[in-house]
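Chemist: Next up, entry.csv (CSV, C-alpha atoms).
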```
chain,number,residue,atom,x,y,z
A,112,MET,CA,-12.0,-2.7,26.5
A,113,ALA,CA,-14.2,-0.9,24.0
A,114,LEU,CA,-11.0,0.4,22.4
A,115,ALA,CA,-9.6,-3.1,22.1
A,116,VAL,CA,-12.7,-4.3,20.4
A,117,ALA,CA,-12.7,-1.3,18.1
A,118,LEU,CA,-9.1,-1.9,17.2
A,119,VAL,CA,-9.5,-5.6,16.4
A,120,GLY,CA,-12.8,-4.9,14.5
A,121,PHE,CA,-11.2,-2.1,12.4
A,122,GLY,CA,-8.2,-4.4,11.9
A,123,VAL,CA,-10.5,-7.1,10.3
A,124,VAL,CA,-11.9,-4.6,7.9
A,125,THR,CA,-8.5,-3.2,7.0
A,126,GLY,CA,-7.1,-6.7,6.6
A,127,VAL,CA,-9.8,-7.7,4.1
A,128,ALA,CA,-9.2,-4.5,2.1
A,129,SER,CA,-5.5,-5.0,2.3
A,130,GLY,CA,-5.6,-8.6,1.1
A,131,LEU,CA,-8.1,-7.9,-1.7
A,132,LEU,CA,-6.6,-4.6,-3.0
A,133,GLY,CA,-2.9,-5.3,-2.3
A,134,VAL,CA,-2.5,-2.1,-0.3
A,135,GLY,CA,-1.1,-2.1,3.2
A,136,GLY,CA,-4.2,-0.7,4.7
A,137,GLY,CA,-2.3,2.3,6.2
A,138,ILE,CA,-4.4,4.6,4.1
A,139,MET,CA,-7.4,3.6,6.4
A,140,MET,CA,-5.5,3.1,9.6
A,141,VAL,CA,-3.7,6.4,9.8
A,142,PRO,CA,-7.0,8.4,9.8
A,143,PHE,CA,-8.5,5.9,12.2
A,144,LEU,CA,-5.5,6.1,14.6
A,145,THR,CA,-5.5,9.9,14.6
A,146,LEU,CA,-9.2,10.6,14.7
A,147,ALA,CA,-10.7,7.7,16.7
A,148,VAL,CA,-7.7,6.6,18.9
A,149,GLY,CA,-6.2,10.1,19.2
A,150,LEU,CA,-2.6,9.4,18.3
A,151,SER,CA,-0.5,12.1,16.8
A,152,GLN,CA,0.1,12.0,13.0
A,153,HIS,CA,3.7,10.7,13.5
A,154,ALA,CA,2.7,8.0,16.0
A,155,ALA,CA,-0.2,6.9,13.8
A,156,GLU,CA,2.0,6.5,10.8
A,157,ALA,CA,4.6,4.5,12.7
A,158,THR,CA,2.0,2.3,14.4
A,159,SER,CA,0.2,1.7,11.1
A,160,LEU,CA,3.4,0.4,9.5
A,161,LEU,CA,3.7,-2.1,12.3
A,162,VAL,CA,0.3,-3.5,11.4
A,163,VAL,CA,0.9,-3.3,7.6
A,164,LEU,CA,3.9,-5.7,7.9
A,165,PRO,CA,2.1,-8.8,9.3
A,166,THR,CA,-0.9,-8.1,7.1
A,167,ALA,CA,1.1,-8.0,4.0
A,168,ILE,CA,3.0,-11.2,5.0
A,169,VAL,CA,-0.2,-13.2,5.6
A,170,GLY,CA,-1.8,-11.9,2.4
A,171,SER,CA,1.3,-12.7,0.3
A,172,VAL,CA,1.5,-16.2,1.8
A,173,VAL,CA,-2.2,-16.9,0.8
A,174,LEU,CA,-1.6,-15.5,-2.7
A,175,ARG,CA,1.5,-17.6,-3.2
A,176,ARG,CA,-0.4,-20.7,-2.2
A,177,ARG,CA,-3.1,-19.8,-4.7
A,178,GLY,CA,-0.5,-19.3,-7.4
A,179,VAL,CA,-1.2,-15.6,-7.9
A,180,GLY,CA,1.6,-13.2,-8.8
A,181,ASP,CA,5.4,-13.7,-8.4
A,182,LEU,CA,6.5,-13.1,-4.8
A,183,GLY,CA,10.2,-13.2,-5.7
A,184,ILE,CA,9.8,-10.2,-8.1
A,185,ALA,CA,7.5,-8.5,-5.6
A,186,LEU,CA,10.0,-8.7,-2.8
A,187,ARG,CA,12.8,-7.3,-5.0
A,188,VAL,CA,10.5,-4.4,-6.0
A,189,GLY,CA,10.0,-3.9,-2.3
A,190,LEU,CA,13.7,-4.0,-1.6
A,191,ALA,CA,14.2,-1.2,-4.0
A,192,GLY,CA,11.3,0.5,-2.3
A,193,SER,CA,12.8,0.1,1.2
A,194,LEU,CA,15.6,2.4,0.2
A,195,GLY,CA,12.9,5.0,-0.6
A,196,GLY,CA,11.0,4.1,2.5
A,197,ALA,CA,13.8,4.9,4.9
A,198,GLY,CA,14.3,8.3,3.2
A,199,GLY,CA,10.6,9.0,3.2
A,200,ALA,CA,10.2,8.2,6.9
A,201,ALA,CA,13.2,10.3,7.8
A,202,LEU,CA,11.7,13.2,5.8
A,203,ALA,CA,8.3,12.6,7.5
A,204,LEU,CA,9.9,12.9,11.0
A,205,SER,CA,11.4,16.3,10.1
A,206,LEU,CA,8.1,17.7,8.8
A,207,PRO,CA,5.3,19.0,11.1
A,208,GLY,CA,2.3,16.7,11.4
A,209,HIS,CA,-0.1,19.2,9.7
A,210,THR,CA,2.1,19.4,6.6
A,211,LEU,CA,2.0,15.6,6.4
A,212,ARG,CA,-1.8,15.5,6.5
A,213,VAL,CA,-2.0,18.0,3.7
A,214,VAL,CA,0.5,16.1,1.6
A,215,PHE,CA,-1.5,12.9,2.3
A,216,ALA,CA,-4.8,14.4,1.3
A,217,ALA,CA,-3.4,16.0,-1.8
A,218,PHE,CA,-1.8,12.7,-2.9
A,219,LEU,CA,-5.1,10.8,-2.4
A,220,GLY,CA,-7.1,13.4,-4.2
A,221,LEU,CA,-4.9,13.2,-7.2
A,222,VAL,CA,-5.0,9.4,-7.4
A,223,GLY,CA,-8.8,9.5,-6.9
A,224,LEU,CA,-9.2,12.0,-9.7
A,225,LYS,CA,-7.1,9.9,-12.0
A,226,LEU,CA,-9.2,6.8,-11.3
A,227,VAL,CA,-12.5,8.6,-11.8
A,228,HIS,CA,-11.1,9.9,-15.1
A,229,ASP,CA,-10.1,6.4,-16.2
A,230,ALA,CA,-13.4,4.9,-15.2
A,231,LEU,CA,-15.3,7.5,-17.3
A,232,ARG,CA,-13.0,6.9,-20.2
A,233,ARG,CA,-13.6,3.2,-20.0
A,234,GLU,CA,-17.3,3.8,-20.1
A,235,GLU,CA,-17.0,5.9,-23.2
A,236,ALA,CA,-15.0,3.2,-24.9
A,237,GLY,CA,-17.7,0.8,-24.1
A,238,THR,CA,-15.5,-1.8,-22.6
B,142,MET,CA,-1.5,-2.8,-22.2
B,143,LEU,CA,-0.5,-6.5,-22.2
B,144,LEU,CA,1.8,-5.9,-25.1
B,145,ARG,CA,3.8,-3.5,-23.0
B,146,SER,CA,4.7,-6.1,-20.5
B,147,GLY,CA,7.6,-7.3,-22.7
B,148,VAL,CA,9.8,-4.2,-21.9
B,149,ALA,CA,13.2,-4.6,-23.5
B,150,PRO,CA,15.9,-4.7,-20.8
B,151,ARG,CA,18.0,-1.5,-21.0
B,152,THR,CA,21.7,-1.3,-20.3
B,153,SER,CA,21.3,-1.4,-16.6
B,154,ARG,CA,22.8,0.9,-14.1
B,155,SER,CA,24.3,-0.6,-10.9
B,156,LEU,CA,21.1,-0.1,-8.8
B,157,VAL,CA,19.0,-1.9,-11.4
B,158,SER,CA,21.3,-4.8,-11.9
B,159,LEU,CA,21.6,-5.2,-8.2
B,160,PHE,CA,17.9,-6.1,-8.0
B,161,ARG,CA,17.8,-7.9,-11.4
B,162,LEU,CA,14.6,-6.0,-12.2
B,163,GLU,CA,13.3,-3.9,-15.1
B,164,PRO,CA,14.2,-0.2,-14.4
B,165,ARG,CA,10.5,0.5,-14.4
B,166,LEU,CA,9.9,-1.9,-11.5
B,167,VAL,CA,12.8,-0.4,-9.5
B,168,ALA,CA,11.3,3.0,-10.1
B,169,ILE,CA,7.9,1.9,-9.0
B,170,GLY,CA,9.4,0.3,-5.9
B,171,LEU,CA,11.3,3.5,-5.0
B,172,LEU,CA,8.2,5.6,-5.5
B,173,GLY,CA,6.1,3.3,-3.4
B,174,GLY,CA,8.8,3.3,-0.7
B,175,ILE,CA,9.1,7.1,-0.5
B,176,LEU,CA,5.4,7.5,-0.2
B,177,SER,CA,5.2,4.7,2.3
B,178,GLY,CA,7.8,6.2,4.5
B,179,LEU,CA,6.5,9.8,4.1
B,180,LEU,CA,2.9,9.0,4.7
B,181,GLY,CA,3.0,5.8,6.9
B,182,VAL,CA,1.0,3.8,4.4
B,183,GLY,CA,2.0,0.7,2.5
B,184,GLY,CA,2.6,2.4,-0.8
B,185,GLY,CA,0.2,0.1,-2.6
B,186,VAL,CA,-2.2,2.9,-3.6
B,187,ILE,CA,0.6,4.3,-5.9
B,188,MET,CA,2.3,1.0,-6.8
B,189,VAL,CA,-0.9,-0.8,-8.0
B,190,PRO,CA,-1.9,1.9,-10.6
B,191,LEU,CA,1.7,2.3,-11.8
B,192,LEU,CA,2.2,-1.5,-12.2
B,193,VAL,CA,-1.0,-1.6,-14.3
B,194,LEU,CA,-0.7,1.6,-16.3
B,195,TRP,CA,3.1,1.9,-16.7
B,196,ALA,CA,4.6,-1.6,-16.3
B,197,GLY,CA,1.7,-3.4,-18.1
B,198,TYR,CA,0.8,-5.7,-15.3
B,199,GLU,CA,-2.7,-7.4,-15.2
B,200,GLN,CA,-4.9,-6.0,-12.5
B,201,ARG,CA,-4.7,-9.1,-10.2
B,202,SER,CA,-1.0,-9.5,-10.6
B,203,ALA,CA,-0.4,-5.9,-9.8
B,204,HIS,CA,-2.3,-6.2,-6.5
B,205,ALA,CA,-0.3,-9.3,-5.6
B,206,ALA,CA,3.0,-7.7,-6.5
B,207,SER,CA,2.1,-4.6,-4.5
B,208,LEU,CA,1.3,-6.6,-1.4
B,209,GLY,CA,4.6,-8.5,-1.6
B,210,ALA,CA,6.6,-5.3,-2.2
B,211,ILE,CA,5.0,-3.8,0.9
B,212,ILE,CA,6.8,-6.4,3.1
B,213,PRO,CA,10.4,-5.0,2.8
B,214,ILE,CA,9.0,-1.5,2.4
B,215,SER,CA,7.2,-1.6,5.7
B,216,ILE,CA,10.2,-3.2,7.5
B,217,ALA,CA,12.3,-0.2,6.4
B,218,GLY,CA,9.7,2.3,7.6
B,219,ILE,CA,9.2,0.5,11.0
B,220,LEU,CA,13.0,0.5,11.6
B,221,THR,CA,13.2,4.2,10.8
B,222,PHE,CA,10.2,5.3,12.8
B,223,GLY,CA,11.1,2.7,15.6
B,224,VAL,CA,14.5,4.4,16.1
B,225,ALA,CA,12.6,7.7,16.7
B,226,GLY,CA,10.4,5.9,19.3
B,227,ALA,CA,7.1,6.8,17.6
B,228,VAL,CA,5.6,3.2,17.3
B,229,HIS,CA,2.6,2.5,19.7
B,230,VAL,CA,2.9,-1.3,20.1
B,231,PRO,CA,-0.4,-2.0,22.0
B,232,GLU,CA,-2.6,-0.3,19.4
B,233,ALA,CA,-0.6,-2.0,16.6
B,234,ALA,CA,-1.1,-5.4,18.3
B,235,GLY,CA,-4.9,-4.9,18.5
B,236,LEU,CA,-5.2,-3.9,14.9
B,237,ALA,CA,-2.9,-6.7,13.7
B,238,CYS,CA,-5.0,-9.3,15.5
B,239,GLY,CA,-7.9,-8.4,13.3
B,240,SER,CA,-6.0,-7.6,10.1
B,241,ILE,CA,-4.3,-10.9,9.9
B,242,VAL,CA,-7.7,-12.7,9.9
B,243,GLY,CA,-9.0,-10.2,7.4
B,244,ALA,CA,-6.0,-10.5,5.1
B,245,ARG,CA,-6.5,-14.3,4.8
B,246,PHE,CA,-10.0,-13.7,3.6
B,247,GLY,CA,-9.2,-10.7,1.4
B,248,ALA,CA,-6.3,-12.4,-0.4
B,249,GLY,CA,-8.4,-15.5,-1.0
B,250,LEU,CA,-10.9,-13.1,-2.6
B,251,LEU,CA,-8.2,-11.5,-4.7
B,252,ALA,CA,-7.2,-14.9,-6.1
B,253,SER,CA,-10.7,-15.6,-7.4
B,254,ILE,CA,-12.4,-12.2,-8.1
B,255,ASP,CA,-13.3,-11.0,-11.6
B,256,GLU,CA,-10.6,-8.6,-12.9
B,257,ARG,CA,-13.0,-6.0,-14.1
B,258,LEU,CA,-14.8,-6.0,-10.7
B,259,LEU,CA,-11.5,-5.7,-9.0
B,260,LYS,CA,-10.7,-2.6,-11.0
B,261,LEU,CA,-14.0,-1.1,-10.0
B,262,VAL,CA,-13.7,-2.0,-6.4
B,263,PHE,CA,-10.2,-0.5,-6.2
B,264,GLY,CA,-11.2,2.7,-8.0
B,265,ALA,CA,-14.2,3.1,-5.7
B,266,PHE,CA,-12.0,2.5,-2.6
B,267,LEU,CA,-9.4,5.1,-3.6
B,268,ALA,CA,-12.1,7.6,-4.5
B,269,ALA,CA,-13.9,7.1,-1.2
B,270,VAL,CA,-10.7,7.6,0.8
B,271,ALA,CA,-9.8,10.7,-1.2
B,272,VAL,CA,-13.3,12.2,-0.5
B,273,LEU,CA,-13.1,11.4,3.2
B,274,LEU,CA,-9.7,13.0,3.5
B,275,ALA,CA,-10.8,16.1,1.6
B,276,VAL,CA,-13.7,16.5,3.9
B,277,ARG,CA,-11.4,16.1,7.0
B,278,THR,CA,-8.6,18.4,6.0
```
What is this structure when it is put down as structure tokens?
Modeler:
Amino acid sequence: MALAVALVGFGVVTGVASGLLGVGGGIMMVPFLTLAVGLSQHAAEATSLLVVLPTAIVGSVVLRRRGVGDLGIALRVGLAGSLGGAGGAALALSLPGHTLRVVFAAFLGLVGLKLVHDALRREEAGT
Amino acid sequence: MLLRSGVAPRTSRSLVSLFRLEPRLVAIGLLGGILSGLLGVGGGVIMVPLLVLWAGYEQRSAHAASLGAIIPISIAGILTFGVAGAVHVPEAAGLACGSIVGARFGAGLLASIDERLLKLVFGAFLAAVAVLLAVRT
């Protein structure tokens, strides 16, 4: 029961972040599912994707209603992406869980550094 | 940055013409997809920055495009992982119950939020996640 409440509650937080930031929310759910729920890295990733799908659909429907963005182009970008997605998932299944975690952390660290760098540069430019 | 949005269409290869998209958008989709499948995330963390910095999208449009692109990308990932039997449906159902409610609110916020504030929130979000992961690994 406590787990169910935690799952739904964490889902709400993830959903808000996902809708606002246009990310799937997997970046938050994968650590949550491994650390708090105790799933393996592979199971956490697969389960996270199953949550990402309805979240992205609901968010996209709201944005379309509000006239934000172009869902047609977005879906075609995603169609191209789905080719990469199948390949990436197959690769993930063939790698040990620990390797995946290191790849995940390194990837986020790089994006984070880039953003901090950009933010500092914007500040210097005074914009 | 805005000036770069008018990218001249190159002589398209078959993959590009298949989707009737700028090559850059196809490349961004592919990159987002590979990361999504590899890491079990939506791929938005890489697609949003690339859409803004490389494809010349405005911040708000980039977030919306990323969210839409995540739909087919996550379907592909689920099918691939599903075949391997790794999906835990009860946990996913619990999370999805909450996230659907949250997404309605979040997307409404995206439609009205100030673009500069959006940039700051997104930057802070990614930086925070990166730090958390660095501490954990």
Chemist: So what do you get for CA of His229 (chain B) versus CA of Thr158 (chain A), distance-wise?
Modeler: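 Pair CA of His229 (chain B) / CA of Thr158 (chain A) returns 5.3 Å.
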Chemist: Counting all atoms listed in the file, what is within 9 Å of Ala248 (chain B), bar same-chain residues fewer than 3 positions away, as a ChimeraX atom specification?
Modeler: /A:127-133,169-174 /B:205,243-245,251-253
Chemist: Each residue of chain A lying at most 6 Å from chain B should get a row with its shortest atom-to-atom pair and the distance in Å to one decimal, counting all atoms listed in the file; could you produce that, ordered by chain and increasing number, as CSV?
Modeler:
```
residue,atom,partner,partner_atom,distance
A:Leu118,CA,B:Leu236,CA,4.9
A:Val119,CA,B:Gly239,CA,4.5
A:Gly122,CA,B:Gly239,CA,4.2
A:Val123,CA,B:Gly239,CA,4.2
A:Thr125,CA,B:Ser240,CA,5.9
A:Gly126,CA,B:Ser240,CA,3.8
A:Val127,CA,B:Gly247,CA,4.1
A:Gly130,CA,B:Ala248,CA,4.1
A:Leu131,CA,B:Gly247,CA,4.3
A:Leu132,CA,B:His204,CA,5.8
A:Gly133,CA,B:His204,CA,4.3
A:Val134,CA,B:Gly185,CA,4.2
A:Gly135,CA,B:Gly183,CA,4.2
A:Gly137,CA,B:Val182,CA,4.0
A:Ile138,CA,B:Val182,CA,5.5
A:Ala154,CA,B:Ala227,CA,4.8
A:Glu156,CA,B:Gly181,CA,4.1
A:Ala157,CA,B:Val228,CA,4.9
A:Thr158,CA,B:Val228,CA,4.7
A:Leu160,CA,B:Ser215,CA,5.7
A:Val162,CA,B:Ala237,CA,5.1
A:Leu164,CA,B:Ile212,CA,5.7
A:Thr166,CA,B:Ile241,CA,5.2
A:Ala167,CA,B:Leu208,CA,5.6
A:Gly170,CA,B:Ala244,CA,5.2
A:Ser171,CA,B:Gly209,CA,5.7
A:Gly180,CA,B:Ser202,CA,4.9
A:Leu182,CA,B:Gly209,CA,5.9
A:Ala185,CA,B:Ala206,CA,4.7
A:Leu186,CA,B:Ala210,CA,4.8
A:Val188,CA,B:Gly170,CA,4.8
A:Gly189,CA,B:Ala210,CA,3.7
A:Leu190,CA,B:Pro213,CA,5.6
A:Ala191,CA,B:Gly170,CA,5.4
A:Gly192,CA,B:Leu171,CA,4.0
A:Ser193,CA,B:Ile214,CA,4.3
A:Gly195,CA,B:Ile175,CA,4.3
A:Gly196,CA,B:Gly174,CA,4.0
A:Ala197,CA,B:Ala217,CA,5.5
A:Gly199,CA,B:Gly178,CA,4.2
A:Ala200,CA,B:Gly178,CA,3.9
A:Ala203,CA,B:Leu179,CA,4.8
A:Ala216,CA,B:Leu274,CA,5.6
A:Leu219,CA,B:Ala271,CA,4.9
A:Gly220,CA,B:Ala271,CA,4.9
A:Gly223,CA,B:Ala268,CA,4.5
A:Leu226,CA,B:Gly264,CA,5.6
```
Chemist: Between CA of Ile184 (chain A) and CA of Ser159 (chain A), what is the spacing in Å?
Modeler: 24.5 Å
Chemist: Could you please determine the separation between CA of Leu258 (chain B) and CA of Phe143 (chain A) in Å, to one decimal place?
Modeler: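 Here the two named atoms are 26.6 Å from each other.
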Chemist: I'd like to know which of A:His209, A:Phe218, A:Gly183, A:Arg177 is closest to Ser151 (chain A), using all atoms listed in the file.
Modeler: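 When distances to Ser151 (chain A) are compared using all atoms listed in the file, the smallest one comes from A:His209.
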Chemist: Contacts of Ala155 (chain A) at 7 Å or less, counting all atoms listed in the file, minus same-chain residues fewer than 6 places along, as a list of chain:residue names?
Modeler: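 Answer for this query is A:Val141, A:Leu144, A:Thr145.
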